[in-house]
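Okay, target-v9.tsv now, which holds TSV, C-alpha atoms:
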chain	number	residue	atom	x	y	z
A	1	MET	CA	110.17	111.47	122.53
A	2	ALA	CA	110.24	111.63	118.73
A	3	ARG	CA	106.78	112.22	117.27
A	4	ILE	CA	106.72	111.46	113.57
A	5	ARG	CA	103.58	112.45	111.67
A	6	ILE	CA	102.29	110.39	108.74
A	7	GLN	CA	99.62	111.46	106.28
A	8	SER	CA	96.98	108.99	105.14
A	9	SER	CA	93.63	109.03	103.36
A	10	ALA	CA	91.94	108.39	106.70
A	11	GLY	CA	93.73	111.32	108.33
A	12	ALA	CA	97.14	111.88	109.86
A	13	TYR	CA	98.52	109.65	112.60
A	14	GLU	CA	101.69	109.71	114.66
A	15	VAL	CA	104.51	107.36	115.53
A	16	HIS	CA	105.62	107.97	119.13
A	17	CYS	CA	109.17	106.66	119.36
A	18	ALA	CA	111.08	106.70	122.65
A	19	ARG	CA	112.58	104.44	125.26
A	20	GLY	CA	109.96	103.81	127.92
A	21	ALA	CA	107.05	104.51	125.57
A	22	LEU	CA	105.49	101.13	126.41
A	23	ALA	CA	104.66	102.36	129.91
A	24	ARG	CA	102.71	105.25	128.34
A	25	ALA	CA	100.87	103.13	125.77
A	26	GLY	CA	97.58	103.25	127.66
A	27	ALA	CA	97.73	107.01	128.19
A	28	LEU	CA	98.65	107.63	124.55
A	29	THR	CA	95.80	105.41	123.35
A	30	LYS	CA	93.29	107.22	125.59
A	31	GLN	CA	94.16	110.41	123.73
A	32	LEU	CA	92.46	108.95	120.65
A	33	GLY	CA	89.13	109.74	122.29
A	34	GLU	CA	86.21	107.74	123.61
A	35	SER	CA	86.04	104.01	123.09
A	36	SER	CA	83.84	101.19	124.27
A	37	GLY	CA	86.85	99.06	125.15
A	38	ILE	CA	90.44	98.24	124.28
A	39	PHE	CA	91.32	94.72	123.13
A	40	LEU	CA	94.95	93.61	122.91
A	41	LEU	CA	95.93	91.18	120.16
A	42	SER	CA	99.31	89.57	120.74
A	43	SER	CA	101.22	86.29	120.71
A	44	PRO	CA	102.08	83.97	123.61
A	45	ARG	CA	105.82	84.66	123.39
A	46	VAL	CA	105.38	88.45	123.30
A	47	TRP	CA	102.87	88.30	126.14
A	48	LYS	CA	105.31	86.23	128.19
A	49	HIS	CA	107.84	89.08	128.16
A	50	TRP	CA	105.64	92.17	128.03
A	51	GLY	CA	102.13	91.17	129.07
A	52	LYS	CA	102.51	92.41	132.62
A	53	LYS	CA	103.72	95.84	131.49
A	54	LEU	CA	101.04	96.10	128.83
A	55	ARG	CA	98.27	95.25	131.30
A	56	ALA	CA	99.66	97.83	133.73
A	57	SER	CA	99.87	100.45	131.01
A	58	PHE	CA	96.26	99.94	129.90
A	59	ARG	CA	94.82	99.64	133.39
A	60	GLY	CA	91.99	102.15	133.73
A	61	ALA	CA	91.76	102.65	129.97
A	62	LEU	CA	88.70	100.41	129.45
A	63	TYR	CA	90.99	97.43	128.95
A	64	ARG	CA	88.75	94.48	128.01
A	65	GLY	CA	91.31	91.69	127.71
A	66	VAL	CA	93.84	90.03	125.44
A	67	ILE	CA	93.52	87.55	122.59
A	68	LEU	CA	96.67	85.58	121.82
A	69	PHE	CA	97.53	83.87	118.55
A	70	ASP	CA	100.48	82.18	116.85
A	71	ASP	CA	102.90	84.74	115.39
A	72	ARG	CA	104.81	82.40	113.09
A	73	GLU	CA	104.69	83.30	109.39
A	74	SER	CA	103.02	79.97	108.67
A	75	ALA	CA	100.05	81.07	110.82
A	76	LYS	CA	99.55	84.30	108.85
A	77	ARG	CA	96.47	83.08	107.01
A	78	LEU	CA	92.75	83.62	106.66
A	79	ALA	CA	91.89	80.94	109.22
A	80	THR	CA	93.66	83.01	111.89
A	81	VAL	CA	91.72	86.13	110.87
A	82	GLU	CA	88.43	84.26	111.21
A	83	ARG	CA	89.35	82.90	114.64
A	84	LEU	CA	90.28	86.35	115.94
A	85	ALA	CA	87.12	87.95	114.55
A	86	ARG	CA	84.94	85.32	116.18
A	87	GLU	CA	86.72	85.77	119.52
A	88	LEU	CA	86.14	89.52	119.29
A	89	VAL	CA	82.42	88.91	118.70
A	90	ARG	CA	82.26	86.67	121.77
A	91	ALA	CA	84.17	89.27	123.82
A	92	GLY	CA	81.67	91.98	122.87
A	93	ALA	CA	83.87	94.16	120.66
A	94	ASP	CA	81.84	96.76	118.74
A	95	ARG	CA	82.53	99.56	116.25
A	96	HIS	CA	83.76	101.87	118.99
A	97	SER	CA	86.37	99.41	120.22
A	98	ILE	CA	90.12	99.86	119.74
A	99	LEU	CA	92.36	96.95	118.79
A	100	VAL	CA	95.97	97.15	119.98
A	101	ALA	CA	98.39	94.95	118.04
A	102	ALA	CA	101.34	94.19	120.34
A	103	GLY	CA	103.98	92.10	118.60
A	104	GLY	CA	106.07	91.70	115.50
A	105	GLY	CA	105.21	91.91	111.83
A	106	VAL	CA	102.90	88.89	111.74
A	107	VAL	CA	100.89	90.17	114.70
A	108	GLY	CA	100.65	93.61	113.12
A	109	ASP	CA	99.70	92.35	109.65
A	110	VAL	CA	97.05	89.93	110.93
A	111	ALA	CA	95.62	92.23	113.61
A	112	GLY	CA	95.62	95.08	111.10
A	113	PHE	CA	93.60	93.03	108.62
A	114	VAL	CA	91.20	92.07	111.41
A	115	ALA	CA	90.81	95.75	112.33
A	116	ALA	CA	90.21	96.67	108.67
A	117	THR	CA	87.46	94.10	108.22
A	118	TYR	CA	85.84	93.56	111.64
A	119	LEU	CA	82.48	95.36	111.52
A	120	ARG	CA	83.90	97.07	108.40
A	121	GLY	CA	86.63	98.78	110.37
A	122	VAL	CA	87.61	99.58	113.95
A	123	ARG	CA	90.46	101.72	115.26
A	124	LEU	CA	93.90	100.17	115.39
A	125	VAL	CA	97.00	100.93	117.48
A	126	HIS	CA	100.34	99.29	116.75
A	127	VAL	CA	102.82	98.51	119.54
A	128	PRO	CA	105.64	96.86	117.54
A	129	THR	CA	107.98	94.63	119.56
A	130	THR	CA	110.50	93.56	116.90
A	131	LEU	CA	113.03	95.72	115.10
A	132	LEU	CA	111.53	94.83	111.73
A	133	ALA	CA	108.04	95.86	112.87
A	134	GLN	CA	109.32	99.07	114.46
A	135	VAL	CA	111.09	100.32	111.33
A	136	ASP	CA	108.81	98.85	108.67
A	137	SER	CA	105.61	96.86	108.98
A	138	SER	CA	103.85	98.96	111.64
A	139	ILE	CA	104.06	102.06	109.44
A	140	GLY	CA	102.12	102.75	106.28
A	141	GLY	CA	98.87	100.85	106.72
A	142	LYS	CA	99.62	97.63	104.85
A	143	THR	CA	97.79	94.67	106.35
A	144	GLY	CA	97.30	91.17	105.05
A	145	VAL	CA	97.78	87.44	105.15
A	146	ASN	CA	99.41	84.82	102.95
A	147	LEU	CA	98.02	82.25	100.57
A	148	PRO	CA	99.84	79.05	99.56
A	149	GLU	CA	100.40	80.77	96.20
A	150	GLY	CA	102.25	83.74	97.66
A	151	LYS	CA	102.84	86.24	100.43
A	152	ASN	CA	100.40	89.02	101.39
A	153	LEU	CA	98.04	88.26	98.52
A	154	VAL	CA	94.94	89.03	100.64
A	155	GLY	CA	94.89	92.28	102.57
A	156	ALA	CA	93.97	95.94	102.75
A	157	PHE	CA	95.49	99.36	103.12
A	158	TYR	CA	94.28	100.36	106.59
A	159	PRO	CA	96.25	103.03	108.46
A	160	PRO	CA	96.50	102.78	112.24
A	161	ALA	CA	95.31	105.54	114.52
A	162	LEU	CA	98.62	105.48	116.40
A	163	VAL	CA	101.97	103.67	116.52
A	164	ILE	CA	103.88	103.37	119.82
A	165	THR	CA	107.52	102.36	119.37
A	166	ASP	CA	109.74	101.57	122.34
A	167	PRO	CA	113.30	100.43	121.49
A	168	GLU	CA	113.62	99.10	125.04
A	169	VAL	CA	111.43	96.09	124.20
A	170	LEU	CA	114.08	94.87	121.75
A	171	ARG	CA	116.30	93.72	124.62
A	172	THR	CA	114.29	90.46	124.88
A	173	LEU	CA	114.29	89.84	121.12
A	174	PRO	CA	116.23	86.71	120.04
A	175	HIS	CA	119.38	87.71	118.17
A	176	ARG	CA	118.33	86.05	114.92
A	177	GLU	CA	115.08	88.03	114.87
A	178	TYR	CA	116.96	91.19	115.76
A	179	ARG	CA	119.35	90.63	112.83
A	180	SER	CA	116.34	90.04	110.59
A	181	GLY	CA	115.24	93.59	111.37
A	182	LEU	CA	118.70	94.98	110.68
A	183	TYR	CA	118.41	93.79	107.08
A	184	GLU	CA	115.37	96.05	106.68
A	185	VAL	CA	117.34	98.97	108.13
A	186	VAL	CA	120.05	98.25	105.53
A	187	LYS	CA	117.31	98.39	102.90
A	188	TYR	CA	116.35	101.93	103.91
A	189	GLY	CA	119.93	103.09	103.56
A	190	ALA	CA	120.27	101.32	100.22
A	191	ILE	CA	117.17	102.90	98.67
A	192	ALA	CA	116.98	106.35	100.24
A	193	ASP	CA	119.81	107.45	102.54
A	194	ARG	CA	123.48	106.95	101.83
A	195	GLN	CA	124.38	108.56	105.18
A	196	LEU	CA	122.32	105.94	107.02
A	197	PHE	CA	123.96	103.21	104.93
A	198	GLU	CA	127.45	104.47	105.80
A	199	PHE	CA	126.44	104.79	109.46
A	200	LEU	CA	125.47	101.09	109.39
A	201	GLU	CA	128.77	100.28	107.73
A	202	ARG	CA	130.68	102.02	110.55
A	203	ARG	CA	128.51	101.09	113.53
A	204	MET	CA	127.31	97.55	112.85
A	205	SER	CA	129.22	96.21	115.86
A	206	ALA	CA	127.48	98.79	118.10
A	207	LEU	CA	124.12	97.79	116.67
A	208	PHE	CA	124.94	94.13	117.36
A	209	ARG	CA	125.46	95.12	121.01
A	210	ARG	CA	122.08	96.92	120.86
A	211	ASP	CA	123.85	100.11	121.87
A	212	PRO	CA	120.97	102.44	122.82
A	213	GLN	CA	122.32	105.50	121.01
A	214	ALA	CA	123.18	103.70	117.78
A	215	LEU	CA	119.92	101.75	117.81
A	216	SER	CA	117.75	104.81	118.46
A	217	ARG	CA	119.40	106.63	115.57
A	218	ALA	CA	118.91	103.72	113.17
A	219	ILE	CA	115.27	103.22	114.19
A	220	GLU	CA	114.26	106.88	114.06
A	221	ARG	CA	115.96	107.49	110.72
A	222	SER	CA	114.32	104.40	109.19
A	223	ILE	CA	110.90	105.47	110.47
A	224	ARG	CA	111.34	108.96	109.00
A	225	ILE	CA	112.27	107.52	105.60
A	226	LYS	CA	109.22	105.28	105.53
A	227	ALA	CA	106.98	108.06	106.85
A	228	ARG	CA	108.09	110.35	104.02
A	229	VAL	CA	107.52	107.68	101.38
A	230	VAL	CA	104.10	106.45	102.51
A	231	SER	CA	102.83	109.97	103.17
A	232	GLN	CA	103.49	110.76	99.50
A	233	ASP	CA	102.23	107.44	98.13
A	234	GLU	CA	99.91	105.59	100.48
A	235	HIS	CA	98.60	102.99	98.04
A	236	GLU	CA	101.83	102.04	96.28
A	237	GLY	CA	101.06	103.71	92.99
A	238	GLY	CA	104.58	105.03	92.46
A	239	LEU	CA	107.21	106.10	94.98
A	240	ARG	CA	106.22	103.55	97.62
A	241	GLN	CA	107.30	100.75	95.31
A	242	ILE	CA	110.93	101.53	96.23
A	243	LEU	CA	110.20	99.91	99.61
A	244	ASN	CA	109.92	96.60	97.75
A	245	PHE	CA	113.67	96.52	97.09
A	246	GLY	CA	114.73	92.91	97.68
A	247	HIS	CA	111.14	91.78	98.12
A	248	THR	CA	110.48	90.33	94.65
A	249	LEU	CA	112.82	87.39	95.20
A	250	GLY	CA	112.53	87.56	99.00
A	251	HIS	CA	108.78	86.93	99.04
A	252	ALA	CA	109.23	84.10	96.53
A	253	LEU	CA	111.82	82.42	98.76
A	254	GLU	CA	109.45	82.60	101.73
A	255	ALA	CA	106.57	81.10	99.76
A	256	ALA	CA	108.75	78.41	98.15
A	257	THR	CA	109.83	77.17	101.58
A	258	ASP	CA	106.33	77.32	103.14
A	259	TYR	CA	107.32	80.31	105.31
A	260	ARG	CA	109.37	78.01	107.54
A	261	ARG	CA	113.02	78.45	106.56
A	262	PHE	CA	113.56	82.19	106.37
A	263	LEU	CA	112.66	85.02	108.66
A	264	HIS	CA	111.31	87.87	106.56
A	265	GLY	CA	114.43	90.03	106.79
A	266	GLU	CA	116.64	87.06	105.87
A	267	ALA	CA	114.68	86.42	102.69
A	268	ILE	CA	114.84	90.13	101.85
A	269	ALA	CA	118.62	90.05	102.37
A	270	TRP	CA	118.94	87.36	99.69
A	271	GLY	CA	116.62	89.44	97.52
A	272	MET	CA	118.71	92.59	97.92
A	273	ILE	CA	121.90	90.73	96.99
A	274	ALA	CA	120.16	89.34	93.92
A	275	ALA	CA	118.91	92.82	92.97
A	276	ALA	CA	122.47	94.17	93.25
A	277	LEU	CA	123.73	91.41	90.94
A	278	LEU	CA	120.91	92.13	88.49
A	279	GLY	CA	121.78	95.81	88.60
A	280	VAL	CA	125.36	95.03	87.59
A	281	GLY	CA	124.18	92.58	84.92
A	282	MET	CA	121.80	95.19	83.46
A	283	GLY	CA	124.45	97.89	83.52
A	284	ARG	CA	122.43	99.89	86.06
A	285	MET	CA	124.82	99.64	89.02
A	286	SER	CA	128.59	99.66	89.28
A	287	GLU	CA	130.40	96.61	90.62
A	288	ALA	CA	131.99	98.75	93.34
A	289	GLU	CA	128.59	99.93	94.64
A	290	ALA	CA	127.14	96.43	94.43
A	291	ASN	CA	130.09	94.96	96.33
A	292	GLN	CA	129.78	97.62	99.03
A	293	MET	CA	126.09	96.84	99.45
A	294	ILE	CA	126.64	93.09	99.58
A	295	ARG	CA	129.45	93.48	102.16
A	296	VAL	CA	127.18	95.45	104.50
A	297	ILE	CA	124.39	92.89	104.09
A	298	ALA	CA	126.89	90.09	104.83
A	299	SER	CA	128.15	91.95	107.91
A	300	VAL	CA	124.74	91.45	109.53
A	301	GLY	CA	125.47	87.73	109.76
A	302	PRO	CA	124.72	84.31	108.24
A	303	LEU	CA	121.64	83.57	106.15
A	304	PRO	CA	119.68	80.32	105.88
A	305	PRO	CA	120.90	78.39	102.81
A	306	LEU	CA	119.16	78.28	99.45
A	307	ARG	CA	119.61	74.54	99.01
A	308	SER	CA	116.68	72.60	97.52
A	309	VAL	CA	114.96	75.84	96.40
A	310	ARG	CA	113.93	75.16	92.78
A	311	VAL	CA	114.48	78.06	90.42
A	312	ALA	CA	111.54	76.95	88.24
A	313	GLY	CA	109.28	77.13	91.28
A	314	LEU	CA	110.55	80.60	92.11
A	315	ARG	CA	109.72	81.79	88.59
A	316	SER	CA	106.04	80.90	88.90
A	317	ILE	CA	105.79	82.53	92.33
A	318	ILE	CA	107.50	85.70	91.15
A	319	ALA	CA	105.18	85.89	88.14
A	320	ALA	CA	102.20	85.86	90.56
A	321	ASP	CA	103.71	88.59	92.74
A	322	LYS	CA	101.30	91.43	93.42
A	323	LYS	CA	103.77	93.89	91.86
A	324	SER	CA	103.66	92.06	88.50
A	325	ARG	CA	101.59	93.40	85.61
A	326	GLU	CA	100.12	90.91	83.14
A	327	GLY	CA	102.77	88.41	84.15
A	328	ARG	CA	105.59	90.90	83.55
A	329	VAL	CA	107.79	91.25	86.62
A	330	ARG	CA	109.04	94.71	87.55
A	331	TRP	CA	112.06	94.83	89.82
A	332	VAL	CA	113.33	97.57	92.11
A	333	MET	CA	117.00	98.41	91.60
A	334	THR	CA	119.50	100.82	93.12
A	335	PRO	CA	121.58	102.63	90.47
A	336	LYS	CA	123.72	103.71	93.42
A	337	ILE	CA	123.46	103.41	97.17
A	338	GLY	CA	120.83	105.82	98.48
A	339	LYS	CA	118.83	105.93	95.23
A	340	ALA	CA	116.23	103.53	93.88
A	341	ARG	CA	114.45	102.97	90.59
A	342	THR	CA	111.24	100.98	90.12
A	343	GLY	CA	109.64	99.16	87.22
A	344	VAL	CA	112.78	97.53	85.80
A	345	GLU	CA	112.08	94.49	83.64
A	346	VAL	CA	114.82	91.84	83.70
A	347	PRO	CA	115.27	88.86	81.34
A	348	TRP	CA	114.59	85.63	83.20
A	349	ALA	CA	117.91	84.16	82.05
A	350	LEU	CA	119.70	86.92	83.98
A	351	VAL	CA	117.55	86.31	87.06
A	352	GLU	CA	118.36	82.59	86.88
A	353	ARG	CA	122.07	83.31	86.65
A	354	ALA	CA	121.96	85.72	89.58
A	355	ILE	CA	120.15	83.20	91.79
A	356	ALA	CA	122.72	80.54	90.92
A	357	GLU	CA	125.55	82.88	91.90
A	358	LEU	CA	124.04	83.98	95.23
A	359	PRO	CA	125.64	81.40	97.58
A	360	GLU	CA	129.17	81.98	96.28
A	361	ILE	CA	128.83	85.78	96.21
A	362	PHE	CA	127.50	85.85	99.78
A	363	ALA	CA	130.20	83.48	101.03
A	364	LYS	CA	132.93	85.70	99.55
A	365	ALA	CA	131.40	88.83	101.06
A	366	GLY	CA	131.07	87.13	104.44
A	367	SER	CA	134.73	86.13	104.41
A	368	ALA	CA	135.71	89.72	103.62
A	369	VAL	CA	133.91	91.18	106.64
A	370	ARG	CA	134.98	88.62	109.23

Would you mind giving the structure from this file in structure tokens?
Amino acid sequence: MARIRIQSSAGAYEVHCARGALARAGALTKQLGESSGIFLLSSPRVWKHWGKKLRASFRGALYRGVILFDDRESAKRLATVERLARELVRAGADRHSILVAAGGGVVGDVAGFVAATYLRGVRLVHVPTTLLAQVDSSIGGKTGVNLPEGKNLVGAFYPPALVITDPEVLRTLPHREYRSGLYEVVKYGAIADRQLFEFLERRMSALFRRDPQALSRAIERSIRIKARVVSQDEHEGGLRQILNFGHTLGHALEAATDYRRFLHGEAIAWGMIAAALLGVGMGRMSEAEANQMIRVIASVGPLPPLRSVRVAGLRSIIAADKKSREGRVRWVMTPKIGKARTGVEVPWALVERAIAELPEIFAKAGSAVR
């Protein structure tokens, strides 16, 4: 079992990553010390596949029950947080309780925000069940919900006490959601690890088959990259901003389509392609490197179309992005694969041109990898 340690302002915590770790989730959580009860927060579709195993794992660990909620991005809002908090009150959860978030990124973000705010903070354990959550959202302590004006605009930095990652649970993940997570793995290679990027380039077909060896390597390496970054910069004051590569446009696409058209990783894929085009346009990335990056992104598979997305609408959403300063948008770019630079200001005319070129560029790259 890989045990990856992460530093945070609230103390260090570990990611336990291994096949079969789900069966040990209860025992690992008990090691956190005394609690007055363990409450699982999950979604109906996750519970359908893994509820029986989760109940068995937490049997005898003061398991107090499960609260299920919608894990679609459109349900990631303050009303859901209020409902969960009220259900916890009715179930008798107190300050010594432990909340276990079992699910994908929406479950983790919402349950994490509930944990951060319920009785001013209770302990949180993440059991991520999607590839995207395993390599990204369960690590680093970001929690939050969306507003109509943008994604993750209300939230808190609240590190978990423990993360339990079992690649075995990915076997029930729908292929589209699995591919959505692969885009985030590509992001890690693009910003911080050329060897990982080239591994993805060589072994994408094995990852499509969910080959255990290839998948375990990709997951563990991605976790280690994020662990290193967030341990150095927990509150996104500097280095951690590299993790937003592709997210400036990606978050805007999600908000512009009411969080219904794109899975998170799909929106980030469009955002990474746009950032590569902007890098070339700004003279900060070679065409050869940009083409290599776009080909690997395209090799993950098709993306939902950009039709009917208004560029003017995207501009106002991007301007309100939490990474903006006084209305000035700062982009993350990759001068070359494996390296990232933050705080790059780009003329809007260039952004507009890049967005217009996205469908054709992606179509060409897709043809080249098929």

Within 12 Å of stretch 184-192 of chain A, which residues of stretch 258-309 of chain A come that close, and what is the closest atom pair and distance in Å for each? Count all atoms listed in the file and give it as JSON lines.
{"residue": "A:Leu263", "atom": "CA", "partner": "A:Glu184", "partner_atom": "CA", "distance": 11.5}
{"residue": "A:His264", "atom": "CA", "partner": "A:Glu184", "partner_atom": "CA", "distance": 9.1}
{"residue": "A:Gly265", "atom": "CA", "partner": "A:Glu184", "partner_atom": "CA", "distance": 6.1}
{"residue": "A:Glu266", "atom": "CA", "partner": "A:Glu184", "partner_atom": "CA", "distance": 9.1}
{"residue": "A:Ala267", "atom": "CA", "partner": "A:Glu184", "partner_atom": "CA", "distance": 10.4}
{"residue": "A:Ile268", "atom": "CA", "partner": "A:Glu184", "partner_atom": "CA", "distance": 7.7}
{"residue": "A:Ala269", "atom": "CA", "partner": "A:Glu184", "partner_atom": "CA", "distance": 8.1}
{"residue": "A:Trp270", "atom": "CA", "partner": "A:Lys187", "partner_atom": "CA", "distance": 11.6}
{"residue": "A:Gly271", "atom": "CA", "partner": "A:Lys187", "partner_atom": "CA", "distance": 10.5}
{"residue": "A:Met272", "atom": "CA", "partner": "A:Lys187", "partner_atom": "CA", "distance": 7.8}
{"residue": "A:Ile273", "atom": "CA", "partner": "A:Lys187", "partner_atom": "CA", "distance": 10.7}
{"residue": "A:Ala275", "atom": "CA", "partner": "A:Ala190", "partner_atom": "CA", "distance": 11.3}
{"residue": "A:Ala276", "atom": "CA", "partner": "A:Ala190", "partner_atom": "CA", "distance": 10.2}
{"residue": "A:Glu289", "atom": "CA", "partner": "A:Ala190", "partner_atom": "CA", "distance": 10.1}
{"residue": "A:Ala290", "atom": "CA", "partner": "A:Ala190", "partner_atom": "CA", "distance": 10.2}
{"residue": "A:Gln292", "atom": "CA", "partner": "A:Ala190", "partner_atom": "CA", "distance": 10.3}
{"residue": "A:Met293", "atom": "CA", "partner": "A:Ala190", "partner_atom": "CA", "distance": 7.4}
{"residue": "A:Ile294", "atom": "CA", "partner": "A:Val186", "partner_atom": "CA", "distance": 10.3}
{"residue": "A:Arg295", "atom": "CA", "partner": "A:Val186", "partner_atom": "CA", "distance": 11.1}
{"residue": "A:Val296", "atom": "CA", "partner": "A:Val186", "partner_atom": "CA", "distance": 7.7}
{"residue": "A:Ile297", "atom": "CA", "partner": "A:Val186", "partner_atom": "CA", "distance": 7.0}
{"residue": "A:Ala298", "atom": "CA", "partner": "A:Val186", "partner_atom": "CA", "distance": 10.7}
{"residue": "A:Ser299", "atom": "CA", "partner": "A:Val186", "partner_atom": "CA", "distance": 10.5}
{"residue": "A:Val300", "atom": "CA", "partner": "A:Val186", "partner_atom": "CA", "distance": 9.2}

Quick one: residues within 9 Å of A:Arg72, only C-alpha atoms, excluding same-chain residues fewer than 6 positions away - as a VMD selection string? chain A and resid 106 to 107 259 to 260

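Proximity to A:Val309 was assessed for A:Arg95, A:Arg284, A:Arg261, A:Arg90 counting only C-alpha atoms; the smallest distance is recorded for A:Arg261.
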
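Nearest residue to A:Leu131 among A:Ser97, A:Thr117, A:Ser8, A:Ser222 is A:Ser222, counting only C-alpha atoms.
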
Cut-off 10 Å: closest stretch 82-125 of chain A/stretch 163-173 of chain A atom pairs per residue, using all atoms listed in the file, as JSON lines:
{"residue": "A:Val100", "atom": "CA", "partner": "A:Val163", "partner_atom": "CA", "distance": 9.5}
{"residue": "A:Ala101", "atom": "CA", "partner": "A:Val163", "partner_atom": "CA", "distance": 9.5}
{"residue": "A:Ala102", "atom": "CA", "partner": "A:Ile164", "partner_atom": "CA", "distance": 9.5}
{"residue": "A:Leu124", "atom": "CA", "partner": "A:Val163", "partner_atom": "CA", "distance": 8.9}
{"residue": "A:Val125", "atom": "CA", "partner": "A:Val163", "partner_atom": "CA", "distance": 5.8}

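When atom CA of A:Gln213 is paired with atom CA of A:Ser43, their separation reads 28.5 Å.
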
My list of candidates is A:Pro347, A:Pro359, A:Gly26, A:Gly283. Which is closest to A:Arg307 when distances are computed with only C-alpha atoms? A:Pro359

I want to know what sits within 12 Å of A:Arg228, based on only C-alpha atoms, with residues of the same chain fewer than 3 positions away left out; could you give that as a compact mmCIF listing (two decimals) with C-alpha atoms, in the coordinates of the input?
# COMPACT_ATOMS: atom_id res chain seq x y z
CA ILE A 4 106.72 111.46 113.57
CA ARG A 5 103.58 112.45 111.67
CA ILE A 6 102.29 110.39 108.74
CA GLN A 7 99.62 111.46 106.28
CA SER A 8 96.98 108.99 105.14
CA ILE A 139 104.06 102.06 109.44
CA GLY A 140 102.12 102.75 106.28
CA TYR A 188 116.35 101.93 103.91
CA ALA A 192 116.98 106.35 100.24
CA ARG A 221 115.96 107.49 110.72
CA SER A 222 114.32 104.40 109.19
CA ILE A 223 110.90 105.47 110.47
CA ARG A 224 111.34 108.96 109.00
CA ILE A 225 112.27 107.52 105.60
CA SER A 231 102.83 109.97 103.17
CA GLN A 232 103.49 110.76 99.50
CA ASP A 233 102.23 107.44 98.13
CA GLU A 234 99.91 105.59 100.48
CA LEU A 239 107.21 106.10 94.98
CA ARG A 240 106.22 103.55 97.62
CA LEU A 243 110.20 99.91 99.61

Would you pick out the contacts of A:Arg194 at 6 Å or less, using all atoms listed in the file, so that residues sharing its chain but fewer than 3 positions from it are not included, and give the list as a ChimeraX atom specification? /A:189,197,337-338

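One distance worth recording is that between atom CA of A:Ser216 and atom CA of A:Ser57, which is 22.3 Å.
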
Could the residues of stretch 160-277 of chain A that have an atom at most 10 Å from stretch 349-352 of chain A be listed as a tab-separated table, each with its closest atom pair and the distance in Å to one decimal, counting all atoms listed in the file and ordered by chain and ascending residue number?
residue	atom	partner	partner_atom	distance
A:Leu249	CA	A:Val351	CA	9.5
A:Ala274	CA	A:Val351	CA	7.9
A:Ala275	CA	A:Val351	CA	8.9
A:Leu277	CA	A:Val351	CA	8.9

Using atom CA of A:Lys142 and atom CA of A:Ser74 as the two end points, give the distance in Å to one decimal. 18.4 Å

Using only C-alpha atoms, the best pick from A:Ala12, A:Ala133, A:Ile361, A:Ala23 as closest to A:Lys52 would be A:Ala23

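Close contacts of A:Leu306, defined as residues with an atom at most 9 Å away when counting only C-alpha atoms, with chain neighbours fewer than 2 positions off set aside, comprise Leu253, Leu303, Pro304, Ser308, Val309, Leu358 and Pro359 of chain A.
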
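Nearest to A:Ala340 of all the residues A:Pro212, A:Gly238, A:Gly144, A:Pro160 is A:Gly238, based on all atoms listed in the file.
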